[in-house]
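Asker: This is the structure I want to talk about, given as structure tokens.
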Amino acid sequence: MHLTLQMELPLNARLLPRTRQAVAGYLEEMLASQDEVHDVILALDEACANVIRHAFPRGAEGGYAVSASVDDDEVRITVEDHGVGFDPARLDEDWVAPEALSGRGLSIIQSVMSSVDLSEPDDDGGTRLVMRKKLQ
């Protein structure tokens, strides 16, 4: 069975709790393990927070899309924006200064998901983050 949930969201951090609730509710119906749901929601939250903080600097208008799909053995979360973009080489960076107040989002995502792919969705830039979690 394959089901997909899709959302178009404005850049508003106040909507993150509801976004987490919507995706968690969807996943709880489909997944056996609360640990798997927790991992996916943690990764989703980090990805959405990164878009809100970094994709549209200096108050630029914008939004982003989130989709969640579940197959028999995998959950796939995609977070996509059309903002300023992100250097995929940063996925390989695993060092953040201990005194840093931020910068750990991608490391957290990589630690809880089975795979993480970062790309530009179109020639105008933006960022597409595809996160997969193998299910037990």
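Simple scheme: letters A, B, ... for chains in structure tokens order, numbers from 1 for residues in each chain, numbers from 1 for ligands in the order shown.
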Determine, counting only C-alpha atoms, which protein, DNA and RNA residues have an atom within 7 Å of an atom of Ile77 of chain A; residues of the same chain fewer than 4 positions away are not included. Present the result as a ChimeraX atom specification.
Answerer: /A:67-69,130-132
Asker: Please report, as a PyMOL selection string, each residue of chain A to which DSSP assigns strand (DSSP E) when run on this structure's backbone.
Answerer: chain A and resi 3-10+63-70+74-81+115-119+127-134
Asker: Of the residues A:Gln110, A:Asn50, A:Gln136, A:Thr78, which is the one nearest to Leu11 of chain A, using only C-alpha atoms?
Answerer: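 Of A:Gln110, A:Asn50, A:Gln136, A:Thr78, the one nearest Leu11 of chain A, counting only C-alpha atoms, is A:Asn50.
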Asker: Show which residues sit within 9 Å of Asp45 of chain A, as a count of residues only. Count only C-alpha atoms, and ignore same-chain residues fewer than 6 positions away.
Answerer: 4
Asker: Provide the atom CA of Lys133 of chain A to atom CA of Val51 of chain A distance in Å, to one decimal place.
Answerer: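 About the pair atom CA of Lys133 of chain A and atom CA of Val51 of chain A: they are 20.6 Å apart.
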